[in-house]
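Chemist: You'll find upload27.cif just under this line, and it carries mmCIF, C-alpha atoms.
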```cif
data_work
loop_
_atom_site.label_atom_id
_atom_site.label_comp_id
_atom_site.auth_asym_id
_atom_site.auth_seq_id
_atom_site.Cartn_x
_atom_site.Cartn_y
_atom_site.Cartn_z
CA MET A 1 -158.08 -18.26 -4.75
CA SER A 2 -159.41 -18.66 -8.20
CA ARG A 3 -160.86 -21.13 -10.79
CA PRO A 4 -163.66 -21.75 -13.53
CA THR A 5 -167.17 -22.99 -14.74
CA SER A 6 -170.42 -22.10 -16.76
CA SER A 7 -171.97 -18.75 -17.93
CA PRO A 8 -174.83 -16.46 -18.79
CA GLY A 9 -176.12 -16.09 -22.31
CA THR A 10 -174.94 -12.52 -22.79
CA SER A 11 -171.74 -10.73 -21.92
CA ILE A 12 -171.58 -8.71 -18.72
CA PRO A 13 -171.02 -4.94 -18.83
CA ARG A 14 -167.39 -4.10 -18.21
CA SER A 15 -168.37 -2.12 -15.13
CA VAL A 16 -169.45 -5.39 -13.55
CA ALA A 17 -166.88 -7.67 -15.15
CA GLY A 18 -163.89 -5.57 -14.14
CA MET A 19 -165.13 -3.28 -11.38
CA ALA A 20 -161.91 -1.36 -11.88
CA SER A 21 -162.86 2.06 -10.54
CA SER A 22 -164.59 0.73 -7.44
CA ARG A 23 -161.68 -1.52 -6.47
CA ARG A 24 -159.29 1.37 -6.98
CA THR A 25 -161.36 3.42 -4.55
CA PHE A 26 -161.75 0.85 -1.78
CA LEU A 27 -158.09 -0.08 -1.76
CA ARG A 28 -157.01 3.54 -1.58
CA GLY A 29 -159.65 4.38 1.00
CA SER A 30 -159.74 1.94 3.84
CA LEU A 31 -157.41 -0.97 3.35
CA ALA A 32 -154.10 0.75 2.81
CA GLY A 33 -154.51 3.39 5.47
CA ALA A 34 -155.26 3.61 9.15
CA ALA A 35 -156.84 0.18 9.36
CA LEU A 36 -153.46 -1.39 8.74
CA VAL A 37 -151.26 -0.92 11.74
CA GLY A 38 -152.15 -1.09 15.39
CA SER A 39 -155.83 -0.31 15.01
CA SER A 40 -158.13 -1.22 17.85
CA THR A 41 -160.73 -3.86 17.23
CA VAL A 42 -164.16 -2.43 16.47
CA LEU A 43 -166.66 -5.22 16.05
CA ALA A 44 -169.12 -4.46 13.29
CA ALA A 45 -172.80 -4.39 13.93
CA CYS A 46 -174.51 -6.97 11.80
CA GLY A 47 -177.04 -4.51 10.41
CA ASP A 48 -180.74 -4.46 11.22
CA ASP A 49 -182.74 -7.49 12.29
CA THR A 50 -185.11 -7.62 9.35
CA SER A 51 -183.16 -9.57 6.76
CA GLY A 52 -184.93 -12.84 7.50
CA GLU A 53 -188.43 -11.40 7.28
CA GLY A 54 -190.34 -12.83 4.34
CA ALA A 55 -187.55 -15.28 3.56
CA SER A 56 -188.16 -19.01 3.50
CA GLY A 57 -186.79 -21.19 6.26
CA ASP A 58 -186.04 -20.36 9.88
CA ALA A 59 -183.09 -18.29 11.04
CA THR A 60 -182.88 -20.32 14.24
CA GLN A 61 -182.52 -23.63 12.42
CA PRO A 62 -179.24 -25.16 11.13
CA VAL A 63 -177.56 -23.51 8.15
CA LYS A 64 -175.74 -25.57 5.55
CA PHE A 65 -172.33 -24.08 4.74
CA GLY A 66 -170.50 -25.07 1.52
CA MET A 67 -166.79 -24.62 2.15
CA ASN A 68 -165.18 -24.16 -1.26
CA GLU A 69 -161.66 -24.04 0.18
CA ALA A 70 -161.82 -27.13 2.31
CA SER A 71 -160.17 -30.46 1.82
CA GLY A 72 -160.03 -31.41 5.48
CA ALA A 73 -156.75 -29.72 6.36
CA GLY A 74 -154.64 -26.63 5.86
CA PRO A 75 -154.93 -22.94 6.72
CA ALA A 76 -157.70 -22.18 4.19
CA TYR A 77 -159.80 -24.93 5.74
CA GLU A 78 -159.04 -23.74 9.26
CA ARG A 79 -160.09 -20.17 8.48
CA LEU A 80 -163.54 -21.30 7.37
CA VAL A 81 -163.91 -23.68 10.31
CA ASN A 82 -163.01 -20.83 12.67
CA MET A 83 -165.73 -18.67 11.12
CA ALA A 84 -168.36 -21.42 11.31
CA THR A 85 -167.45 -22.23 14.91
CA ALA A 86 -167.54 -18.58 15.96
CA TYR A 87 -170.96 -18.11 14.33
CA GLU A 88 -172.34 -21.10 16.22
CA ALA A 89 -170.93 -19.74 19.50
CA GLU A 90 -172.31 -16.25 18.83
CA THR A 91 -175.81 -17.22 17.73
CA GLY A 92 -176.47 -20.75 18.95
CA VAL A 93 -177.36 -21.71 15.37
CA GLU A 94 -175.87 -24.97 14.17
CA VAL A 95 -173.71 -24.82 11.04
CA ASP A 96 -173.60 -27.99 8.96
CA ARG A 97 -170.29 -27.81 7.11
CA ASN A 98 -169.96 -29.33 3.65
CA GLU A 99 -166.20 -29.59 3.26
CA VAL A 100 -165.40 -29.82 -0.45
CA ASP A 101 -162.09 -29.88 -2.28
CA HIS A 102 -161.58 -26.54 -4.02
CA ASN A 103 -161.17 -27.76 -7.60
CA THR A 104 -163.90 -30.39 -7.30
CA PHE A 105 -166.32 -27.77 -6.00
CA GLN A 106 -165.66 -25.38 -8.85
CA GLN A 107 -165.75 -28.01 -11.56
CA ASN A 108 -169.22 -29.04 -10.39
CA ILE A 109 -170.59 -25.65 -9.32
CA ASN A 110 -173.42 -25.47 -11.86
CA THR A 111 -174.67 -28.96 -11.05
CA TYR A 112 -174.33 -28.13 -7.36
CA LEU A 113 -176.39 -24.92 -7.59
CA GLN A 114 -179.09 -26.55 -9.71
CA GLY A 115 -179.42 -29.56 -7.42
CA ASN A 116 -179.56 -29.56 -3.63
CA PRO A 117 -176.99 -26.94 -2.64
CA ASP A 118 -175.91 -25.66 0.74
CA ASP A 119 -177.55 -22.48 1.99
CA VAL A 120 -174.37 -20.38 2.06
CA PHE A 121 -171.29 -21.14 -0.03
CA THR A 122 -167.88 -19.59 -0.56
CA TRP A 123 -167.48 -17.84 -3.90
CA PHE A 124 -165.96 -14.88 -5.76
CA ALA A 125 -166.81 -11.29 -6.64
CA GLY A 126 -167.02 -9.99 -10.19
CA PHE A 127 -168.11 -11.76 -13.34
CA ARG A 128 -168.42 -15.15 -11.66
CA MET A 129 -170.90 -13.83 -9.10
CA ASN A 130 -172.88 -11.98 -11.77
CA GLN A 131 -173.28 -15.01 -14.03
CA PHE A 132 -175.14 -16.89 -11.30
CA ALA A 133 -177.22 -13.82 -10.44
CA GLU A 134 -178.35 -13.59 -14.07
CA GLN A 135 -179.16 -17.29 -14.10
CA GLY A 136 -181.19 -17.02 -10.90
CA LEU A 137 -178.94 -19.52 -9.11
CA ILE A 138 -178.01 -17.23 -6.22
CA THR A 139 -180.20 -15.08 -3.99
CA ASP A 140 -180.49 -11.30 -3.84
CA VAL A 141 -179.11 -10.26 -0.43
CA SER A 142 -179.60 -6.52 -0.87
CA ASP A 143 -181.67 -6.45 2.33
CA ILE A 144 -178.61 -7.18 4.48
CA TRP A 145 -176.67 -4.24 3.03
CA PRO A 146 -175.18 -1.90 4.14
CA ILE A 147 -172.90 -3.96 6.36
CA ASP A 148 -170.89 -2.01 8.92
CA GLY A 149 -167.22 -1.94 7.97
CA LEU A 150 -167.71 -2.84 4.30
CA ASN A 151 -167.43 0.40 2.34
CA ASP A 152 -169.24 1.44 -0.83
CA SER A 153 -166.57 0.00 -3.08
CA PHE A 154 -166.95 -3.45 -1.57
CA LYS A 155 -170.69 -3.02 -2.02
CA ALA A 156 -170.05 -2.25 -5.70
CA ALA A 157 -167.95 -5.42 -5.96
CA SER A 158 -170.94 -7.31 -4.54
CA THR A 159 -173.41 -5.81 -7.01
CA ALA A 160 -174.58 -7.61 -10.14
CA ALA A 161 -175.69 -6.08 -13.45
CA ASP A 162 -179.25 -5.64 -12.12
CA GLY A 163 -177.99 -3.27 -9.40
CA LYS A 164 -178.68 -5.71 -6.55
CA GLN A 165 -176.21 -7.30 -4.15
CA TYR A 166 -175.62 -11.05 -4.28
CA PHE A 167 -172.34 -11.34 -2.40
CA VAL A 168 -170.63 -10.55 0.90
CA PRO A 169 -166.83 -10.02 0.72
CA LYS A 170 -164.54 -11.82 3.13
CA ASP A 171 -161.01 -10.89 2.11
CA TYR A 172 -158.67 -10.12 -0.77
CA TYR A 173 -155.07 -10.79 -1.74
CA PRO A 174 -152.64 -9.67 -4.45
CA TRP A 175 -150.78 -11.75 -7.01
CA ALA A 176 -147.08 -10.89 -7.04
CA VAL A 177 -143.60 -12.37 -7.39
CA PHE A 178 -142.65 -14.08 -4.11
CA TYR A 179 -139.13 -14.85 -2.98
CA LYS A 180 -137.20 -15.75 0.16
CA LYS A 181 -135.38 -12.81 1.67
CA SER A 182 -132.58 -15.06 2.88
CA VAL A 183 -131.93 -16.38 -0.65
CA PHE A 184 -131.78 -12.87 -2.11
CA GLU A 185 -129.49 -11.67 0.68
CA GLN A 186 -127.13 -14.65 0.43
CA ASN A 187 -126.75 -14.25 -3.32
CA GLY A 188 -126.81 -10.47 -3.58
CA TYR A 189 -129.96 -10.49 -5.72
CA GLU A 190 -131.85 -7.23 -6.20
CA VAL A 191 -135.56 -6.75 -6.88
CA PRO A 192 -135.98 -5.95 -10.59
CA GLY A 193 -137.96 -2.99 -11.88
CA THR A 194 -137.66 -3.58 -15.61
CA LEU A 195 -137.50 -6.50 -18.03
CA GLU A 196 -133.77 -5.94 -18.47
CA GLU A 197 -133.22 -6.13 -14.70
CA LEU A 198 -135.46 -9.20 -14.47
CA THR A 199 -133.48 -10.92 -17.23
CA THR A 200 -130.22 -10.11 -15.45
CA LEU A 201 -131.59 -11.56 -12.21
CA MET A 202 -132.89 -14.72 -13.87
CA THR A 203 -129.57 -15.27 -15.61
CA LYS A 204 -127.70 -14.92 -12.29
CA MET A 205 -130.02 -17.46 -10.70
CA GLN A 206 -129.39 -19.95 -13.47
CA GLY A 207 -125.66 -19.36 -13.01
CA ASN A 208 -126.16 -20.38 -9.39
CA ASP A 209 -127.90 -23.61 -10.49
CA MET A 210 -131.25 -22.23 -9.39
CA ILE A 211 -134.48 -22.24 -11.39
CA PRO A 212 -135.53 -18.58 -11.59
CA PHE A 213 -139.30 -19.16 -11.49
CA ALA A 214 -141.17 -21.96 -9.75
CA PHE A 215 -144.07 -22.83 -12.06
CA ALA A 216 -147.05 -25.19 -12.01
CA ASP A 217 -150.23 -25.63 -14.01
CA LYS A 218 -151.52 -29.11 -13.24
CA ASP A 219 -154.79 -27.61 -11.96
CA GLY A 220 -155.24 -25.38 -15.00
CA TRP A 221 -155.67 -22.01 -13.33
CA PRO A 222 -152.16 -20.88 -12.17
CA ALA A 223 -150.94 -20.03 -15.69
CA MET A 224 -153.84 -17.60 -16.01
CA GLY A 225 -152.02 -15.35 -13.54
CA THR A 226 -148.99 -15.21 -15.81
CA PHE A 227 -151.12 -14.37 -18.83
CA ASP A 228 -152.93 -11.65 -16.86
CA ILE A 229 -149.83 -9.84 -15.71
CA LEU A 230 -148.06 -10.06 -19.08
CA ASN A 231 -151.13 -8.73 -20.89
CA MET A 232 -151.55 -5.87 -18.42
CA ARG A 233 -147.84 -5.01 -18.63
CA ILE A 234 -147.68 -5.22 -22.46
CA ASN A 235 -151.11 -3.97 -23.57
CA GLY A 236 -152.39 -2.12 -20.52
CA PHE A 237 -155.26 -2.63 -18.09
CA ASP A 238 -158.03 -1.29 -20.33
CA TYR A 239 -157.09 -3.60 -23.18
CA HIS A 240 -156.91 -6.53 -20.78
CA MET A 241 -160.41 -5.89 -19.46
CA SER A 242 -161.75 -5.45 -23.01
CA LEU A 243 -160.19 -8.78 -23.94
CA MET A 244 -161.79 -10.43 -20.91
CA ALA A 245 -165.17 -8.96 -21.86
CA GLY A 246 -164.97 -10.50 -25.34
CA GLU A 247 -164.45 -7.16 -27.07
CA GLU A 248 -161.02 -7.89 -28.53
CA ALA A 249 -159.70 -10.61 -30.83
CA TRP A 250 -157.54 -13.32 -29.31
CA ASP A 251 -155.63 -13.76 -32.57
CA SER A 252 -154.64 -10.09 -32.62
CA ALA A 253 -151.07 -8.87 -32.79
CA GLU A 254 -151.41 -7.63 -29.20
CA VAL A 255 -152.29 -11.04 -27.79
CA LYS A 256 -149.66 -12.77 -29.91
CA GLN A 257 -147.08 -10.40 -28.43
CA VAL A 258 -148.09 -11.57 -24.95
CA PHE A 259 -147.55 -15.20 -25.89
CA ASP A 260 -144.29 -14.38 -27.65
CA THR A 261 -142.99 -12.59 -24.55
CA TRP A 262 -144.10 -15.51 -22.42
CA LYS A 263 -142.30 -17.91 -24.76
CA GLY A 264 -139.10 -15.96 -24.17
CA LEU A 265 -139.55 -16.26 -20.40
CA LEU A 266 -140.38 -19.98 -20.32
CA PRO A 267 -136.72 -21.13 -20.32
CA PHE A 268 -136.45 -19.40 -16.95
CA HIS A 269 -139.42 -21.34 -15.54
CA GLN A 270 -139.65 -24.81 -14.03
CA PRO A 271 -140.15 -27.33 -16.84
CA ASP A 272 -143.00 -29.84 -16.98
CA ALA A 273 -145.44 -27.45 -15.32
CA LEU A 274 -148.49 -29.49 -16.34
CA GLY A 275 -147.43 -32.30 -14.01
CA ARG A 276 -146.95 -30.08 -10.96
CA THR A 277 -149.43 -28.59 -8.45
CA TRP A 278 -149.05 -25.06 -7.15
CA GLN A 279 -148.22 -26.49 -3.71
CA GLU A 280 -145.37 -28.54 -5.19
CA ALA A 281 -144.03 -25.43 -6.92
CA ALA A 282 -144.20 -23.59 -3.60
CA THR A 283 -142.10 -26.34 -2.05
CA SER A 284 -139.48 -25.73 -4.75
CA LEU A 285 -139.34 -22.09 -3.64
CA SER A 286 -139.16 -23.12 0.02
CA GLN A 287 -136.29 -25.53 -0.59
CA GLY A 288 -134.26 -23.03 -2.61
CA GLU A 289 -134.60 -24.95 -5.87
CA ALA A 290 -136.40 -21.95 -7.37
CA GLY A 291 -135.70 -18.31 -6.67
CA MET A 292 -139.11 -16.72 -7.37
CA TYR A 293 -142.76 -17.66 -7.73
CA LEU A 294 -145.60 -15.66 -9.33
CA LEU A 295 -148.70 -16.48 -7.27
CA GLY A 296 -151.22 -15.05 -4.83
CA THR A 297 -150.29 -14.57 -1.18
CA PHE A 298 -152.05 -17.84 -0.44
CA VAL A 299 -148.64 -19.32 -1.31
CA VAL A 300 -148.11 -19.08 2.46
CA ASP A 301 -150.71 -21.80 2.95
CA ALA A 302 -148.36 -24.30 1.29
CA ILE A 303 -145.19 -23.18 3.09
CA PRO A 304 -146.32 -21.58 6.41
CA ASP A 305 -142.95 -22.10 8.07
CA ASP A 306 -141.37 -19.72 5.55
CA GLU A 307 -143.79 -16.84 6.08
CA GLU A 308 -141.35 -14.62 7.98
CA ASP A 309 -138.69 -15.20 5.31
CA LEU A 310 -141.04 -14.45 2.39
CA ASP A 311 -141.25 -11.14 0.60
CA PHE A 312 -142.64 -10.11 -2.78
CA PHE A 313 -142.54 -7.49 -5.49
CA THR A 314 -145.00 -6.62 -8.22
CA PHE A 315 -144.12 -7.95 -11.64
CA PRO A 316 -141.72 -5.45 -13.27
CA GLU A 317 -142.44 -3.00 -16.04
CA LEU A 318 -142.19 -4.37 -19.58
CA ASP A 319 -143.15 -1.19 -21.46
CA SER A 320 -142.38 2.24 -20.00
CA SER A 321 -145.46 3.71 -21.66
CA ILE A 322 -147.65 1.14 -19.85
CA GLY A 323 -145.85 1.00 -16.51
CA ALA A 324 -146.41 -1.47 -13.68
CA ASP A 325 -149.39 -0.05 -11.83
CA ALA A 326 -151.90 -2.86 -12.51
CA LEU A 327 -152.20 -6.25 -10.85
CA ASP A 328 -154.59 -9.04 -9.94
CA ALA A 329 -156.13 -8.80 -6.47
CA PRO A 330 -159.16 -11.11 -6.25
CA ILE A 331 -161.94 -10.69 -3.68
CA ASP A 332 -163.29 -13.82 -1.98
CA GLY A 333 -166.54 -14.08 -0.05
CA PHE A 334 -169.93 -15.74 0.16
CA CYS A 335 -173.21 -16.17 -1.72
CA VAL A 336 -176.62 -17.65 -0.86
CA ALA A 337 -177.78 -20.49 -3.12
CA ALA A 338 -181.27 -19.84 -4.50
CA ALA A 339 -182.14 -23.54 -4.19
CA GLY A 340 -180.95 -23.77 -0.59
CA SER A 341 -183.39 -24.94 2.07
CA ASN A 342 -183.01 -22.15 4.65
CA GLU A 343 -182.87 -18.68 3.09
CA ALA A 344 -183.70 -16.88 6.34
CA GLY A 345 -180.89 -18.64 8.16
CA ALA A 346 -178.52 -18.09 5.24
CA LYS A 347 -179.11 -14.34 5.23
CA GLU A 348 -178.55 -14.05 8.97
CA MET A 349 -175.28 -15.93 8.61
CA MET A 350 -174.29 -13.79 5.61
CA LYS A 351 -174.73 -10.61 7.68
CA TRP A 352 -172.44 -12.03 10.31
CA LEU A 353 -169.87 -13.29 7.78
CA GLY A 354 -169.38 -9.74 6.55
CA SER A 355 -168.67 -8.43 10.05
CA ALA A 356 -165.37 -7.57 11.67
CA GLU A 357 -166.05 -10.29 14.23
CA ALA A 358 -166.14 -12.89 11.46
CA ALA A 359 -162.91 -11.50 9.99
CA ASN A 360 -161.25 -11.72 13.37
CA ALA A 361 -162.34 -15.34 13.76
CA ALA A 362 -160.84 -16.19 10.36
CA ASN A 363 -157.64 -14.38 11.30
CA GLU A 364 -157.02 -16.45 14.43
CA GLY A 365 -154.76 -18.87 12.57
CA THR A 366 -152.16 -18.50 9.86
CA THR A 367 -153.63 -16.33 7.13
CA PRO A 368 -152.03 -14.31 4.35
CA MET A 369 -155.30 -12.59 3.38
CA ILE A 370 -156.45 -9.03 4.07
CA ALA A 371 -159.85 -8.68 5.72
CA ALA A 372 -162.45 -6.83 3.67
CA ASN A 373 -164.05 -5.33 6.77
CA GLU A 374 -162.16 -2.17 7.68
CA ASN A 375 -163.00 -2.61 11.37
CA ALA A 376 -161.24 -5.97 11.65
CA ASP A 377 -158.38 -6.26 14.11
CA THR A 378 -155.15 -5.88 12.14
CA SER A 379 -152.79 -5.70 15.13
CA GLY A 380 -151.66 -9.27 14.51
CA TYR A 381 -151.13 -8.88 10.77
CA SER A 382 -147.89 -10.28 9.44
CA ASP A 383 -145.47 -8.20 7.42
CA LEU A 384 -146.79 -9.91 4.28
CA GLN A 385 -150.36 -8.90 5.10
CA LYS A 386 -149.36 -5.30 5.77
CA LYS A 387 -147.34 -5.08 2.59
CA SER A 388 -150.16 -6.72 0.61
CA ALA A 389 -152.58 -3.97 1.62
CA GLU A 390 -150.02 -1.27 0.88
CA VAL A 391 -149.11 -2.62 -2.56
CA VAL A 392 -152.69 -3.19 -3.67
CA GLY A 393 -153.68 0.19 -2.27
CA ALA A 394 -151.00 1.85 -4.38
CA ALA A 395 -152.09 0.14 -7.60
CA ALA A 396 -153.87 2.29 -10.17
CA ASN A 397 -155.86 -0.62 -11.61
CA ILE A 398 -156.95 -3.92 -10.10
CA ALA A 399 -158.18 -6.99 -11.96
CA GLN A 400 -159.97 -9.91 -10.33
CA PHE A 401 -158.11 -12.73 -12.17
CA LEU A 402 -158.74 -14.17 -15.61
CA ASP A 403 -161.36 -16.75 -14.67
CA ARG A 404 -163.27 -14.14 -12.65
CA ASP A 405 -163.07 -11.32 -15.19
CA THR A 406 -164.45 -13.30 -18.12
CA ARG A 407 -167.20 -15.82 -18.74
CA SER A 408 -166.41 -18.94 -16.79
CA ASP A 409 -167.38 -21.31 -19.60
CA PHE A 410 -164.82 -19.51 -21.76
CA ALA A 411 -162.19 -19.67 -19.03
CA SER A 412 -162.71 -23.34 -18.22
CA THR A 413 -163.40 -24.89 -21.63
CA VAL A 414 -161.22 -22.66 -23.82
CA ILE A 415 -158.52 -20.80 -21.89
CA ILE A 416 -157.32 -23.61 -19.61
CA PRO A 417 -156.70 -26.14 -22.40
CA SER A 418 -155.34 -23.42 -24.68
CA LEU A 419 -152.78 -22.18 -22.16
CA GLN A 420 -151.77 -25.75 -21.44
CA ALA A 421 -151.42 -26.39 -25.18
CA PHE A 422 -149.17 -23.33 -25.42
CA LEU A 423 -147.04 -24.53 -22.50
CA SER A 424 -146.70 -27.91 -24.20
CA ASN A 425 -145.76 -26.33 -27.55
CA PRO A 426 -144.82 -22.64 -27.22
CA ASP A 427 -143.81 -22.49 -30.89
CA ASP A 428 -147.43 -22.73 -32.06
CA ILE A 429 -148.61 -19.28 -31.01
CA ASP A 430 -150.55 -18.73 -34.23
CA GLY A 431 -152.39 -22.03 -33.82
CA VAL A 432 -153.24 -21.44 -30.17
CA THR A 433 -154.49 -17.90 -30.68
CA LYS A 434 -156.50 -18.84 -33.77
CA SER A 435 -158.19 -21.65 -31.85
CA ILE A 436 -159.01 -19.38 -28.90
CA GLN A 437 -160.50 -16.75 -31.21
CA GLU A 438 -162.69 -19.25 -33.06
CA GLN A 439 -164.06 -20.63 -29.79
CA LYS A 440 -164.43 -17.15 -28.34
CA VAL A 441 -166.70 -16.14 -31.23
CA SER A 442 -168.89 -19.19 -30.70
CA ILE A 443 -169.26 -18.37 -26.97
CA PHE A 444 -169.47 -14.57 -27.00
CA GLY A 445 -171.19 -14.30 -30.36
CA SER A 446 -168.64 -11.93 -31.88
#
```
Could you write out this file's structure as structure tokens?
Modeler:
Amino acid sequence: MSRPTSSPGTSIPRSVAGMASSRRTFLRGSLAGAALVGSSTVLAACGDDTSGEGASGDATQPVKFGMNEASGAGPAYERLVNMATAYEAETGVEVDRNEVDHNTFQQNINTYLQGNPDDVFTWFAGFRMNQFAEQGLITDVSDIWPIDGLNDSFKAASTAADGKQYFVPKDYYPWAVFYKKSVFEQNGYEVPGTLEELTTLMTKMQGNDMIPFAFADKDGWPAMGTFDILNMRINGFDYHMSLMAGEEAWDSAEVKQVFDTWKGLLPFHQPDALGRTWQEAATSLSQGEAGMYLLGTFVVDAIPDDEEDLDFFTFPELDSSIGADALDAPIDGFCVAAAGSNEAGAKEMMKWLGSAEAANAANEGTTPMIAANENADTSGYSDLQKKSAEVVGAAANIAQFLDRDTRSDFASTVIIPSLQAFLSNPDDIDGVTKSIQEQKVSIFGS
């Protein structure tokens, strides 16, 4: 999942910020092919046994594990607990879990990393990994690469601007439009492929006293997914990544068109989004109050009983010259905190966390994610997981998500309040975009 915080002093090269070509390769290569259906489990070797040499700490001593998805319950929490428990059973090394609420963790990440952090913590690929590498807040783990089952494209997604690896991928998931198959079947709804077809569908849903789109932005980050997909559909993937890198103006005609299109779609969305969590919006979908929901596949975590009835489609084409071949598909994984107390133990655990065995442990419970390790056992994958890999594998361009593809200080201090201001007053597009641009210049320097 995805959310914000601080930044480096200079912008990151687009090759690191977007990692478009590498993600295109890995999704075409391993994740959408033979590893999907009925593959036998091949447990990955954890690499050589030298990663702890010269590192501080003791690989046999307890490792502190910061669980940035944990609030004491739920599938995301259970996946991380399963991984920690399996590592303890495999190695005999104790794992001290620091179970932190997702939003709280991210809002305090800089203070956390500069204070007394855990040894290993859950984090994200892309720009948000690189910013901490540049600041010296996370540890170079190049000595544990290559990791069996993680291909070169995942290695590229784990590589910062200095050419070194600071990350180990765990899984990925697409953002798409989710719906209940039973609701579509009962009402004769058809999956739209164009804006005209989407408008027809939304109008039919309103005629059936149904809200077309469940929508929530109380936590600040969900609306970023809507901006991402509209910008990629209207202005194209390359423009979107340039905008994220600070190379385009936020008060441009292109960006204003995105907000204007969004304004036209808002009457088809749940009102009062700023007072609703994404889980509450998911409940609206589950109960049939809303017909669709643009979110990541982690939507299943909020409504696990509906998983077999859920399906999704990629957001439809808005401009035939742009098409619909780009989407968000963030990569989640792990980093080692530079100020942690047991670097040797952290690196040993990181090697294991990248293995197929670790992926299998995470996959023991309900999970909508797709394992990064191509040797993971996929025989128990749900239909949603299989389709997720197929859809992302077919995409021509993959973004990480707004608050991962741009500077996190910009995402958290500028974009979140600006998108919420727009949702509160969609008529003030000029004011919102002007404000974003002025703050963007002060942060990016141009």
Chemist: Could you please determine the separation between CA of Ser382 (chain A) and CA of Asn360 (chain A) in Å, to one decimal place?
Modeler: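 Taking CA of Ser382 (chain A) as the start and CA of Asn360 (chain A) as the end point, the length is 14.0 Å.
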Chemist: Show which residues sit within 7 Å of Leu274 (chain A), as a short mmCIF file (atom, residue, chain, number, x, y, z; two decimals) with C-alpha atoms, in the frame of the given file. Count all atoms listed in the file, and ignore same-chain residues fewer than 5 positions away.
Modeler:
```
data_model
loop_
_atom_site.label_atom_id
_atom_site.label_comp_id
_atom_site.auth_asym_id
_atom_site.auth_seq_id
_atom_site.Cartn_x
_atom_site.Cartn_y
_atom_site.Cartn_z
CA ALA A 216 -147.05 -25.19 -12.01
CA ASP A 217 -150.23 -25.63 -14.01
CA LYS A 218 -151.52 -29.11 -13.24
#
```
Chemist: Taking a cut-off of 7 Å and counting all atoms listed in the file, can you build a table that, for each residue of region 150-250 of chain A near region 350-357 of chain A, reports the nearest atom pair and how far apart they are in Å (one decimal), sorted by chain then residue number, as a Markdown table?
Modeler:
```
| residue | atom | partner | partner_atom | distance |
| --- | --- | --- | --- | --- |
| A:Val168 | CA | A:Gly354 | CA | 5.8 |
| A:Pro169 | CA | A:Gly354 | CA | 6.4 |
| A:Lys170 | CA | A:Gly354 | CA | 6.3 |
```
Chemist: For this file, the PyMOL selection byres ((chain A and resi 369) around 12) selects which residues, as a PyMOL selection string?
Modeler: chain A and resi 1+31+75-76+79+170-175+296-301+329-333+359-360+362-368+370-373+378+381-389
Chemist: Evaluate the PyMOL selection byres ((chain A and resi 254) around 12) and record the selected residues as a ChimeraX atom specification, following the chain and residue labels used in the document.
Modeler: /A:230-236,239-240,243,248-253,255-261,433
Chemist: For Val95 (chain A), which residue out of A:Ala125, A:Val63, A:Leu150, A:Ala324 is the nearest one, using all atoms listed in the file?
Modeler: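 Residue with the minimum atom-to-atom distance to Val95 (chain A): A:Val63.
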